[in-house]
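Below: work30.cif (mmCIF, C-alpha atoms)
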data_run
#
loop_
_atom_site.label_atom_id
_atom_site.label_comp_id
_atom_site.auth_asym_id
_atom_site.auth_seq_id
_atom_site.Cartn_x
_atom_site.Cartn_y
_atom_site.Cartn_z
CA MET U 1 1.35 35.89 -40.14
CA SER U 2 3.93 33.13 -39.62
CA PRO U 3 4.10 31.64 -36.11
CA ILE U 4 7.01 32.68 -33.90
CA LYS U 5 9.66 29.95 -33.94
CA ALA U 6 12.33 29.40 -31.32
CA PRO U 7 15.82 28.19 -32.33
CA PRO U 8 15.80 24.41 -32.94
CA ASN U 9 18.77 24.01 -30.58
CA LEU U 10 17.10 25.99 -27.76
CA PRO U 11 17.60 23.27 -25.08
CA GLU U 12 21.35 23.29 -25.77
CA LEU U 13 21.45 27.10 -25.74
CA VAL U 14 19.68 27.21 -22.38
CA ARG U 15 21.89 24.51 -20.86
CA THR U 16 25.11 26.13 -22.05
CA ALA U 17 24.09 29.61 -20.91
CA PHE U 18 22.95 28.33 -17.50
CA ASN U 19 26.14 26.33 -16.82
CA LYS U 20 28.36 29.22 -17.90
CA ALA U 21 26.43 31.83 -15.86
CA ARG U 22 26.35 29.59 -12.80
CA ALA U 23 30.11 29.06 -13.01
CA SER U 24 30.76 32.81 -13.35
CA GLY U 25 28.38 33.72 -10.51
CA ASP U 26 25.94 35.60 -12.76
CA VAL U 27 23.24 33.06 -11.84
CA ASN U 28 22.60 32.01 -8.25
CA PHE U 29 21.45 28.39 -8.01
CA TYR U 30 19.81 27.20 -4.79
CA PRO U 31 19.78 23.39 -4.34
CA THR U 32 16.70 22.08 -2.55
CA GLN U 33 15.52 19.22 -0.40
CA VAL U 34 12.21 17.73 -1.55
CA THR U 35 9.36 15.65 -0.21
CA LEU U 36 5.88 14.82 -1.46
CA VAL U 37 2.74 15.73 0.45
CA ASP U 38 -0.75 14.63 -0.53
CA VAL U 39 -3.42 17.31 -0.98
CA ASN U 40 -6.69 15.38 -1.22
CA SER U 41 -4.62 12.50 -2.71
CA ILE U 42 -2.91 14.85 -5.21
CA PRO U 43 0.89 14.67 -4.78
CA PHE U 44 2.48 18.10 -4.32
CA GLN U 45 6.21 18.72 -4.30
CA LEU U 46 7.30 20.56 -1.18
CA ARG U 47 10.82 21.93 -1.52
CA PHE U 48 13.14 23.65 0.93
CA SER U 49 16.34 25.52 0.18
CA PRO U 50 18.40 26.41 3.28
CA SER U 51 20.53 28.89 1.31
CA LEU U 52 17.48 30.92 0.21
CA ALA U 53 17.68 32.79 3.50
CA ASN U 54 20.85 34.41 2.14
CA LYS U 55 19.33 35.34 -1.23
CA PRO U 56 20.33 38.89 -2.24
CA LYS U 57 17.50 41.39 -1.97
CA ALA U 58 16.20 43.15 -5.09
CA PRO U 59 17.84 46.54 -5.78
CA LYS U 60 16.03 49.43 -4.16
CA PRO U 61 14.59 52.39 -6.11
CA VAL U 62 17.44 54.71 -7.04
CA GLY U 63 15.69 58.06 -7.26
CA GLN U 64 13.00 59.82 -9.27
CA ILE U 65 12.91 60.94 -12.86
CA ASP U 66 10.55 62.94 -15.03
CA HIS U 67 8.42 60.63 -17.16
CA ARG U 68 9.32 62.72 -20.24
CA VAL U 69 13.03 61.85 -19.90
CA PRO U 70 14.07 58.44 -21.34
CA SER U 71 15.02 55.94 -18.66
CA PRO U 72 18.72 55.06 -18.32
CA PRO U 73 19.68 51.48 -19.32
CA SER U 74 18.38 48.64 -17.14
CA THR U 75 15.70 50.73 -15.44
CA THR U 76 11.94 51.05 -15.64
CA SER U 77 9.62 53.79 -14.41
CA ILE U 78 6.68 52.65 -12.30
CA GLY U 79 4.22 54.41 -10.03
CA SER U 80 3.56 58.14 -10.09
CA GLN U 81 2.92 61.06 -7.80
CA PRO U 82 1.94 64.53 -9.09
CA THR U 83 3.83 67.52 -7.63
CA PRO U 84 3.08 71.26 -7.87
CA SER U 85 5.09 73.38 -10.31
CA GLU U 86 6.34 76.96 -10.05
CA ASN U 87 3.61 78.35 -12.34
CA GLY U 88 0.84 76.73 -10.31
CA PHE U 89 -0.03 74.05 -12.85
CA PRO U 90 0.55 70.44 -11.83
CA GLU U 91 3.70 68.96 -13.34
CA PRO U 92 3.59 65.66 -15.23
CA PRO U 93 3.96 62.72 -12.83
CA ARG U 94 7.46 61.94 -11.64
CA LYS U 95 8.05 58.24 -11.37
CA LYS U 96 10.17 55.98 -9.24
CA LEU U 97 13.13 54.41 -10.94
CA VAL U 98 13.69 50.72 -10.25
CA PHE U 99 16.17 48.20 -11.57
CA ASP U 100 14.80 46.28 -14.55
CA PRO U 101 16.68 43.01 -15.22
CA PHE U 102 14.89 42.55 -18.55
CA ASP U 103 15.79 45.93 -20.06
CA ASN U 104 18.93 45.46 -22.15
CA PRO U 105 19.97 42.18 -20.39
CA SER U 106 23.66 41.52 -19.93
CA PRO U 107 25.38 39.06 -22.31
CA ALA U 108 25.81 36.60 -19.44
CA MET U 109 22.04 36.47 -18.84
CA LEU U 110 20.83 36.64 -22.45
CA ILE U 111 20.21 33.22 -23.99
CA CYS U 112 19.11 34.57 -27.35
CA PRO U 113 16.74 37.09 -28.94
CA LEU U 114 13.36 35.70 -30.03
CA PRO U 115 12.23 38.05 -32.81
CA PRO U 116 10.27 40.12 -33.30
CA HIS U 117 9.26 41.20 -29.79
CA HIS U 118 10.97 39.06 -27.13
CA ASN U 119 14.21 37.94 -25.51
CA LEU U 120 15.01 34.69 -23.74
CA VAL U 121 17.04 35.24 -20.56
CA LEU U 122 18.13 33.20 -17.56
CA ASN U 123 16.44 33.42 -14.18
CA LYS U 124 19.09 34.93 -11.90
CA PHE U 125 17.76 33.13 -8.81
CA ALA U 126 17.15 29.53 -9.87
CA ILE U 127 15.64 26.79 -7.72
CA VAL U 128 15.30 24.47 -10.72
CA PRO U 129 18.31 24.12 -13.06
CA GLU U 130 17.96 25.77 -16.48
CA HIS U 131 15.04 27.95 -15.37
CA PHE U 132 14.64 30.58 -18.09
CA ILE U 133 12.39 33.52 -18.91
CA LEU U 134 10.62 34.96 -21.94
CA CYS U 135 10.44 38.76 -21.63
CA THR U 136 9.32 41.54 -23.93
CA ARG U 137 12.11 43.58 -25.49
CA GLY U 138 10.32 46.87 -24.95
CA TYR U 139 8.75 47.59 -21.59
CA LYS U 140 5.23 46.24 -21.17
CA GLU U 141 3.28 45.89 -17.95
CA GLN U 142 3.17 42.56 -16.14
CA THR U 143 -0.31 43.46 -14.90
CA HIS U 144 -1.77 43.80 -18.40
CA LEU U 145 -3.41 40.98 -20.32
CA LEU U 146 -1.09 38.90 -22.47
CA GLU U 147 -1.03 39.52 -26.20
CA ARG U 148 -1.16 36.98 -29.00
CA GLU U 149 2.58 37.36 -29.64
CA ASP U 150 3.41 36.54 -26.01
CA LEU U 151 1.57 33.23 -26.22
CA GLU U 152 2.95 32.44 -29.67
CA ALA U 153 6.51 32.94 -28.41
CA VAL U 154 5.90 30.60 -25.46
CA ARG U 155 4.39 27.96 -27.74
CA GLY U 156 7.44 28.23 -30.00
CA CYS U 157 9.70 27.33 -27.07
CA ILE U 158 7.41 24.51 -25.95
CA GLU U 159 7.36 22.98 -29.44
CA VAL U 160 11.16 22.93 -29.71
CA TYR U 161 11.51 21.16 -26.35
CA HIS U 162 8.80 18.69 -27.29
CA HIS U 163 10.47 17.64 -30.52
CA ARG U 164 14.00 17.61 -29.07
CA TYR U 165 13.00 15.42 -26.12
CA ASP U 166 10.93 13.19 -28.38
CA GLN U 167 14.09 12.50 -30.35
CA LYS U 168 16.00 11.87 -27.12
CA TYR U 169 13.57 9.35 -25.62
CA ASN U 170 11.77 8.15 -28.74
CA GLY U 171 8.66 7.54 -26.59
CA GLU U 172 10.37 4.90 -24.46
CA ARG U 173 8.68 3.76 -21.27
CA ARG U 174 10.28 4.61 -17.95
CA SER U 175 12.52 1.95 -16.52
CA ASP U 176 10.20 1.61 -13.51
CA GLY U 177 7.33 0.54 -15.79
CA ASN U 178 5.12 3.45 -14.77
CA GLU U 179 2.07 3.85 -16.98
CA THR U 180 3.05 7.35 -18.07
CA THR U 181 5.66 7.24 -20.81
CA VAL U 182 8.47 9.75 -20.96
CA GLY U 183 7.49 10.61 -24.51
CA LYS U 184 4.00 11.69 -23.41
CA GLU U 185 5.02 13.84 -20.45
CA PRO U 186 5.19 17.60 -20.98
CA LYS U 187 8.76 18.69 -21.62
CA LEU U 188 8.37 22.35 -20.70
CA PHE U 189 6.11 24.01 -18.12
CA ALA U 190 5.42 27.71 -18.66
CA PHE U 191 3.75 30.02 -16.16
CA PHE U 192 2.76 33.67 -15.78
CA ASN U 193 2.13 35.62 -12.58
CA CYS U 194 -0.23 38.59 -12.86
CA GLY U 195 -1.39 40.86 -10.06
CA GLU U 196 -0.57 41.58 -6.44
CA HIS U 197 -1.76 38.19 -5.16
CA SER U 198 -0.07 36.09 -7.86
CA GLY U 199 3.51 35.96 -6.60
CA ALA U 200 4.74 38.38 -9.29
CA SER U 201 7.99 40.16 -8.45
CA GLN U 202 8.92 42.16 -11.58
CA PRO U 203 6.76 44.81 -13.32
CA HIS U 204 8.31 44.17 -16.78
CA ARG U 205 6.20 41.56 -18.61
CA HIS U 206 7.69 38.07 -18.58
CA LEU U 207 6.67 34.44 -18.60
CA GLN U 208 8.78 31.75 -16.94
CA LEU U 209 9.72 28.33 -18.30
CA LEU U 210 10.84 25.21 -16.43
CA VAL U 211 12.19 21.97 -17.90
CA VAL U 212 9.98 19.23 -16.44
CA GLU U 213 12.83 16.73 -16.34
CA LYS U 214 14.73 19.16 -14.10
CA MET U 215 11.65 19.67 -11.92
CA ARG U 216 11.75 15.96 -11.12
CA GLU U 217 15.29 16.06 -9.74
CA GLY U 218 15.47 14.62 -6.23
CA LEU U 219 12.09 12.86 -6.46
CA GLU U 220 13.40 9.40 -7.32
CA CYS U 221 14.26 8.46 -3.74
CA VAL U 222 11.11 10.05 -2.32
CA GLU U 223 8.83 8.17 -4.73
CA THR U 224 10.65 4.90 -4.08
CA GLU U 225 10.10 5.36 -0.33
CA ARG U 226 6.39 6.00 -0.90
CA GLU U 227 6.06 2.84 -2.99
CA THR U 228 7.84 0.82 -0.30
CA GLU U 229 5.53 2.19 2.40
CA THR U 230 2.50 1.26 0.29
CA LYS U 231 3.71 -2.33 -0.25
CA GLU U 232 4.50 -2.87 3.42
CA GLY U 233 1.26 -1.34 4.69
CA GLU U 234 -2.36 -1.64 3.73
CA GLY U 235 -2.89 1.95 2.78
CA LYS U 236 -4.11 3.29 -0.53
CA LYS U 237 -1.47 3.37 -3.25
CA LYS U 238 0.14 6.81 -3.39
CA LYS U 239 0.49 8.52 -6.74
CA ARG U 240 3.72 9.69 -8.32
CA TRP U 241 4.22 13.39 -8.96
CA GLU U 242 3.19 14.64 -12.37
CA VAL U 243 2.63 18.16 -13.68
CA LEU U 244 -0.71 19.11 -12.14
CA ALA U 245 -1.87 21.32 -15.02
CA GLN U 246 -1.98 18.29 -17.32
CA LYS U 247 -4.74 16.77 -15.18
CA LEU U 248 -6.99 19.81 -14.84
CA VAL U 249 -8.92 19.38 -18.09
CA GLU U 250 -12.10 17.35 -17.75
CA ASP U 251 -12.14 14.25 -19.98
CA ASN U 252 -15.45 14.53 -21.81
CA ASN U 253 -15.06 10.98 -23.10
CA ASN U 254 -14.91 9.54 -19.61
CA ASN U 255 -18.13 7.64 -18.91
CA ASN U 256 -17.46 7.51 -15.18
CA ASN U 257 -19.10 10.76 -14.14
CA ASN U 258 -18.49 10.03 -10.46
CA LYS U 259 -14.73 9.88 -10.84
CA GLU U 260 -13.01 12.37 -8.55
CA THR U 261 -10.67 14.19 -10.88
CA GLU U 262 -7.78 16.37 -9.70
CA LYS U 263 -9.79 19.42 -10.77
CA LYS U 264 -12.54 18.52 -8.30
CA LEU U 265 -10.13 17.53 -5.54
CA LEU U 266 -8.15 20.78 -5.54
CA PRO U 267 -8.98 23.25 -2.74
CA PHE U 268 -9.26 26.12 -5.24
CA LYS U 269 -11.01 26.65 -8.57
CA THR U 270 -9.14 26.36 -11.85
CA PHE U 271 -10.20 26.88 -15.45
CA ALA U 272 -8.58 24.88 -18.24
CA GLU U 273 -8.80 24.10 -21.94
CA ARG U 274 -6.97 21.65 -24.16
CA LEU U 275 -4.48 22.92 -26.73
CA THR U 276 -3.41 21.27 -29.98
CA PRO U 277 -0.35 22.03 -32.15
CA GLU U 278 -2.69 22.81 -35.06
CA MET U 279 -4.28 25.80 -33.32
CA SER U 280 -3.44 29.23 -34.68
CA GLY U 281 -1.99 31.97 -32.51
CA GLU U 282 -5.32 33.77 -32.57
CA GLU U 283 -7.19 30.63 -31.48
CA VAL U 284 -4.85 30.17 -28.52
CA HIS U 285 -5.20 33.83 -27.58
CA GLN U 286 -8.99 33.55 -27.64
CA ILE U 287 -8.78 30.50 -25.37
CA TYR U 288 -6.67 32.55 -22.97
CA LEU U 289 -9.15 35.43 -22.98
CA GLY U 290 -12.02 33.00 -22.42
CA LEU U 291 -10.29 31.41 -19.42
CA TYR U 292 -9.48 34.85 -18.02
CA ARG U 293 -13.14 35.89 -18.30
CA ARG U 294 -14.28 32.72 -16.54
CA ALA U 295 -11.75 33.32 -13.75
CA ARG U 296 -12.85 36.95 -13.41
CA GLU U 297 -16.48 35.84 -13.23
CA ALA U 298 -15.66 33.30 -10.51
CA VAL U 299 -13.99 36.01 -8.43
CA ARG U 300 -16.94 38.36 -8.95
CA LEU U 301 -19.50 35.77 -7.88
CA TYR U 302 -17.46 34.71 -4.87
CA GLN U 303 -17.04 38.29 -3.70
CA LEU U 304 -20.75 38.91 -4.33
CA SER U 305 -21.62 35.90 -2.17
CA LEU U 306 -19.49 37.33 0.63
CA GLN U 307 -21.29 40.66 0.31
CA GLN U 308 -24.68 38.96 0.40
CA SER U 309 -23.72 37.09 3.53
CA ARG U 310 -23.29 40.47 5.20
CA ALA U 311 -26.38 41.98 3.56
CA SER U 312 -28.40 41.79 6.76
CA GLN U 313 -26.11 44.45 8.21
CA GLN U 314 -26.49 46.75 5.20
CA ASP U 315 -29.25 48.67 3.47
CA SER U 316 -30.85 46.26 0.97
CA THR U 317 -31.24 49.05 -1.63
CA THR U 318 -27.50 49.79 -1.48
CA THR U 319 -26.65 46.10 -1.75
CA LYS U 320 -28.94 45.68 -4.76
CA GLY U 321 -27.43 48.71 -6.48
CA ALA U 322 -23.88 47.42 -5.94
CA ALA U 323 -24.87 44.03 -7.33
CA GLU U 324 -26.37 45.62 -10.46
CA GLU U 325 -23.20 47.67 -10.96
CA GLU U 326 -21.06 44.54 -10.67
CA GLU U 327 -23.37 42.76 -13.12
CA GLU U 328 -22.83 45.57 -15.63
CA LYS U 329 -19.04 45.29 -15.25
CA ALA U 330 -19.19 41.52 -15.69
CA ASP U 331 -20.92 41.97 -19.04
CA GLU U 332 -17.94 43.86 -20.43
CA ILE U 333 -15.58 41.79 -22.56
CA GLN U 334 -12.01 42.67 -21.69
CA THR U 335 -9.51 41.99 -24.47
CA GLY U 336 -6.55 44.08 -23.33
CA GLY U 337 -5.25 46.54 -20.80
CA GLU U 338 -4.79 45.98 -17.08
CA ALA U 339 -6.23 42.79 -15.62
CA THR U 340 -8.98 43.34 -13.06
CA ILE U 341 -8.04 40.26 -11.01
CA SER U 342 -4.86 38.55 -9.88
CA TYR U 343 -4.25 35.19 -11.52
CA ASN U 344 -1.68 32.61 -12.56
CA LEU U 345 -1.51 31.08 -16.02
CA ALA U 346 0.11 27.73 -16.81
CA MET U 347 0.84 26.26 -20.24
CA THR U 348 2.17 23.00 -21.60
CA ARG U 349 1.91 21.68 -25.14
CA ASP U 350 -1.47 20.15 -24.33
CA VAL U 351 -3.21 22.46 -21.90
CA MET U 352 -3.73 26.02 -20.71
CA VAL U 353 -4.91 26.66 -17.14
CA ILE U 354 -5.77 29.79 -15.18
CA VAL U 355 -6.27 30.00 -11.42
CA PRO U 356 -7.77 33.24 -10.02
CA ARG U 357 -5.88 34.43 -6.94
CA LEU U 358 -7.23 36.11 -3.82
CA ALA U 359 -4.05 35.90 -1.73
CA GLU U 360 -0.36 35.26 -2.36
CA GLY U 361 -0.20 32.87 0.58
CA SER U 362 -0.90 32.39 4.25
CA ALA U 363 0.82 31.90 7.57
CA ILE U 364 2.35 28.55 8.48
CA THR U 365 1.61 27.63 12.09
CA GLU U 366 2.54 24.89 14.52
CA LYS U 367 1.35 24.00 17.99
CA ASN U 368 3.43 25.22 20.92
CA PRO U 369 4.05 22.05 22.99
CA GLU U 370 3.99 24.02 26.24
CA THR U 371 0.89 26.17 25.77
CA GLY U 372 -0.97 24.18 23.12
CA GLU U 373 -1.52 27.39 21.13
CA GLU U 374 -0.88 27.73 17.40
CA VAL U 375 2.11 29.97 16.72
CA VAL U 376 3.20 31.42 13.38
CA VAL U 377 6.52 30.06 12.13
CA GLY U 378 6.52 31.52 8.61
CA LYS U 379 4.51 31.99 5.46
CA LEU U 380 3.85 29.87 2.39
CA ALA U 381 3.84 32.16 -0.66
CA LEU U 382 2.86 30.66 -4.01
CA ASN U 383 3.23 31.70 -7.63
CA GLY U 384 2.30 29.99 -10.91
CA THR U 385 4.29 26.86 -10.04
CA VAL U 386 1.32 25.91 -7.86
CA LEU U 387 -0.26 24.76 -11.15
CA ALA U 388 2.64 22.35 -11.60
CA GLY U 389 1.93 20.93 -8.14
CA THR U 390 4.92 22.46 -6.34
CA ALA U 391 5.49 24.70 -3.32
CA LEU U 392 8.62 26.18 -1.75
CA VAL U 393 9.51 27.07 1.83
CA LYS U 394 12.50 29.14 2.90
CA SER U 395 13.19 28.21 6.52
CA GLN U 396 13.83 25.09 8.54
CA ARG U 397 10.87 25.80 10.84
CA GLU U 398 8.48 26.08 7.88
CA TRP U 399 9.88 22.87 6.38
CA ASP U 400 9.57 20.94 9.65
CA ALA U 401 6.06 22.25 10.38
CA LEU U 402 4.62 21.23 6.99
CA ARG U 403 6.34 17.84 6.90
CA LYS U 404 5.03 17.09 10.38
CA ASN U 405 1.48 18.19 9.45
CA PRO U 406 1.17 17.81 5.65
CA GLU U 407 -2.59 18.38 5.80
CA LYS U 408 -1.77 22.06 6.48
CA VAL U 409 -0.59 22.39 2.87
CA GLY U 410 -4.14 21.79 1.70
CA GLU U 411 -5.47 24.30 4.22
CA LEU U 412 -3.00 26.92 2.98
CA LEU U 413 -3.86 26.23 -0.66
CA ARG U 414 -7.54 26.81 0.03
CA VAL U 415 -7.07 30.47 0.94
CA ILE U 416 -5.10 31.52 -2.15
CA GLY U 417 -8.02 31.33 -4.60
CA VAL U 418 -11.75 30.90 -4.97
CA PRO U 419 -12.75 27.89 -2.82
CA ASN U 420 -13.67 24.91 -4.97
CA ASP U 421 -16.83 24.19 -3.00
CA CYS U 422 -18.53 27.52 -3.77
CA GLU U 423 -20.59 28.50 -6.79
CA GLY U 424 -18.22 29.18 -9.63
CA GLU U 425 -19.62 30.58 -12.87
CA ARG U 426 -22.78 32.39 -13.72
CA GLY U 427 -25.34 30.53 -15.76
CA GLU U 428 -25.93 30.92 -19.45
CA GLY U 429 -28.32 33.85 -19.01
CA ARG U 430 -25.91 36.59 -19.97
CA LYS U 431 -27.23 39.80 -21.39
CA GLU U 432 -27.02 40.26 -25.12
CA GLY U 433 -24.96 43.01 -26.70
CA ARG U 434 -22.11 42.98 -24.19
CA LYS U 435 -19.73 45.89 -24.45
CA GLY U 436 -16.13 45.53 -25.57
CA MET U 437 -13.46 46.91 -23.25
CA LEU U 438 -9.94 47.56 -24.47
#

Represent the structure from my file as structure tokens, please.
Amino acid sequence: MSPIKAPPNLPELVRTAFNKARASGDVNFYPTQVTLVDVNSIPFQLRFSPSLANKPKAPKPVGQIDHRVPSPPSTTSIGSQPTPSENGFPEPPRKKLVFDPFDNPSPAMLICPLPPHHNLVLNKFAIVPEHFILCTRGYKEQTHLLEREDLEAVRGCIEVYHHRYDQKYNGERRSDGNETTVGKEPKLFAFFNCGEHSGASQPHRHLQLLVVEKMREGLECVETERETETKEGEGKKKKRWEVLAQKLVEDNNNNNNNKETEKKLLPFKTFAERLTPEMSGEEVHQIYLGLYRRAREAVRLYQLSLQQSRASQQDSTTTKGAAEEEEEKADEIQTGGEATISYNLAMTRDVMVIVPRLAEGSAITEKNPETGEEVVVGKLALNGTVLAGTALVKSQREWDALRKNPEKVGELLRVIGVPNDCEGERGEGRKEGRKGML
């Protein structure tokens, strides 16, 4: 089967659609302030948009319909609750009706179809200019595992941006002389939010795409200030921001085994593999499934370790039985259907990364100057952009608290996934003859 190809002028289509929709009010763009905070020496973008407080709320459910009746345009049925019928037999589930922005998108939001199974649409609430979305034409669940066609469609978009920006810059070095050349930076960052702890907000399957050049907007002054501070002081040189996912693949050719890579410095576990343009769609899909299994295994082992830490308060026979049951589940190979963990996926042209998620975020606190007690001022909620090395706050108090105490960002990041200092993956001693699970 031929790979899915995006239009060769996709960057121009996205730019034109975004500018037109922003001018007409169909897209809401929220400008941000930005700073850089270091998480174990890894630079993270921290952004704040004052106008986000006035962001329109998502449309509420508009009633209930019988699942046998086709949904009206721009709606999707989710959730179910059986009700008794007149003849005593339970009726088929009646499902809540919610607004679906990806079902029959309006002309103002549609960038272009991406045959055979997807559309490219604008993100209605954009923090980064030209933020766009790949969604399935027919309704598919966001909580289910991605299919080969989903990943092929994303790769098609990434390839077009890579070649178009290569022509634009021709591999020229940045004017500041930084070691990373513009031609080698990823041009497009794609991410996927899956599960209740992932930051997902829509049940209709979609992956999101950000232009890396647009993600850098506003950083020039911040990075210049950091360089000036380093020159005037005696502190360690601070790094520039780069897409985090690019740095999460171990370099097997690196002879310095003691080097502290970004993967080891992160507060949470990630799983990554390199990608090459020559890989087939099936090869990429198998890489995705492999990363998902490793992430699922890490969650299982972490949760098992928590159970074992409380084993002294439980019957040992019960604990052993639960462990054996979990072991049996872990030996199943899941290739489709609903994911059993929450996770975020990130993709560039060169790398695929998955981070298992245990929480969407955590409370932001600051010390009350009068009482000395820590008080909650907000919450830091994170989605797949965490794998780009970015975070967003929505209030002035949150912004001030994290800029004043940037080490809190690292503390908040630690709770969203499997801690990086715990045992991660089971050894090689898997049982033979594992069962397939569809």

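Counting only C-alpha atoms, the residue from U:Val284, U:Val353, U:Leu248, U:Leu289 that sits nearest to Ile42 in chain U is U:Leu248.
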
Among U:His197, U:Arg155, U:Arg148, U:Arg294, Ile354 in chain U is approached most closely, using all atoms listed in the file, by U:Arg294

Quick check on the file I pasted: which residues fall under the PyMOL selection byres ((chain U and resi 154) around 9)? Write them as a list in words.
Ile4, Ala6, Leu134, Glu149, Asp150, Leu151, Glu152, Ala153, Arg155, Gly156, Cys157, Ile158, Glu159, Ala190, Leu207, Leu209 and Met347 of chain U

Run through the PyMOL selection byres ((chain U and resi 263-273) around 7) on the given coordinates and return the selected residues as a list in words.
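That expression, the PyMOL selection byres ((chain U and resi 263-273) around 7), corresponds here to Asn40, Leu248, Val249, Glu260, Thr261, Glu262, Arg274, Leu275, Leu291, Ala295, Val351, Met352, Val353, Ile354, Val355, Gly410, Leu413, Arg414, Gly417, Val418, Pro419 and Asn420 of chain U.
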
Smallest atom-to-atom distance to Phe44 in chain U: which of U:Arg240, U:Lys367, U:Arg300, U:Arg357, using all atoms listed in the file?
U:Arg240

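Comparing U:Asp350, U:Glu411, U:Glu250, U:Glu373 by their smallest distance to His162 in chain U, the closest is U:Asp350 (using only C-alpha atoms).
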
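Between CA of Asp400 in chain U and CA of Glu366 in chain U the separation is 9.4 Å.
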
Interatomic distance, CA of Glu223 in chain U to CA of Leu36 in chain U (Å, one decimal):
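Separation of CA of Glu223 in chain U and CA of Leu36 in chain U: 8.0 Å.
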
Record the distance separating CA of Val222 in chain U and CA of Thr35 in chain U, expressed in Å with one decimal.
6.2 Å

Running the PyMOL selection byres ((chain U and resi 11) around 8) on this model by hand, what would come out? Give it as a PDB file with C-alpha atoms, in the frame of the given file.
ATOM      1  CA  ASN U   9      18.770  24.010 -30.580  1.00  0.00           C
ATOM      2  CA  LEU U  10      17.100  25.990 -27.760  1.00  0.00           C
ATOM      3  CA  GLU U  12      21.350  23.290 -25.770  1.00  0.00           C
ATOM      4  CA  LEU U  13      21.450  27.100 -25.740  1.00  0.00           C
ATOM      5  CA  VAL U  14      19.680  27.210 -22.380  1.00  0.00           C
ATOM      6  CA  ARG U  15      21.890  24.510 -20.860  1.00  0.00           C
ATOM      7  CA  VAL U 160      11.160  22.930 -29.710  1.00  0.00           C
ATOM      8  CA  TYR U 161      11.510  21.160 -26.350  1.00  0.00           C
ATOM      9  CA  ARG U 164      14.000  17.610 -29.070  1.00  0.00           C
TER      10      ARG U 164
END

Of the residues U:Trp399, U:Phe102, U:Trp241, U:Phe189, which is the one nearest to Arg349 in chain U, using all atoms listed in the file?
U:Phe189

Within 12 Å of (10.7, 40.9, -25.5) (file coordinates; all atoms listed in the file), which protein or nucleic acid residues are there? I'd like them as a VMD selection string.
chain U and resid 102 to 105 110 112 to 121 133 to 141 147 149 to 151 153 to 154 204 to 207

Choose the residue, out of U:Pro129, U:Gly218, U:Gly195, U:Pro43, that has the smallest atom-to-atom separation from Val243 in chain U; count all atoms listed in the file.
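The closest residue to Val243 in chain U is U:Pro43.
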
Quick one: residues within 12 Å of Thr340 in chain U, only C-alpha atoms, excluding same-chain residues fewer than 5 positions away - as a list in words?
Thr143, His144, Leu145, Cys194, Gly195, Glu196, His197, Tyr292, Arg293, Ala295, Arg296, Glu297, Val299, Arg300, Lys329, Ala330, Glu332, Ile333, Gln334, Thr335, Pro356, Arg357, Leu358 and Met437 of chain U
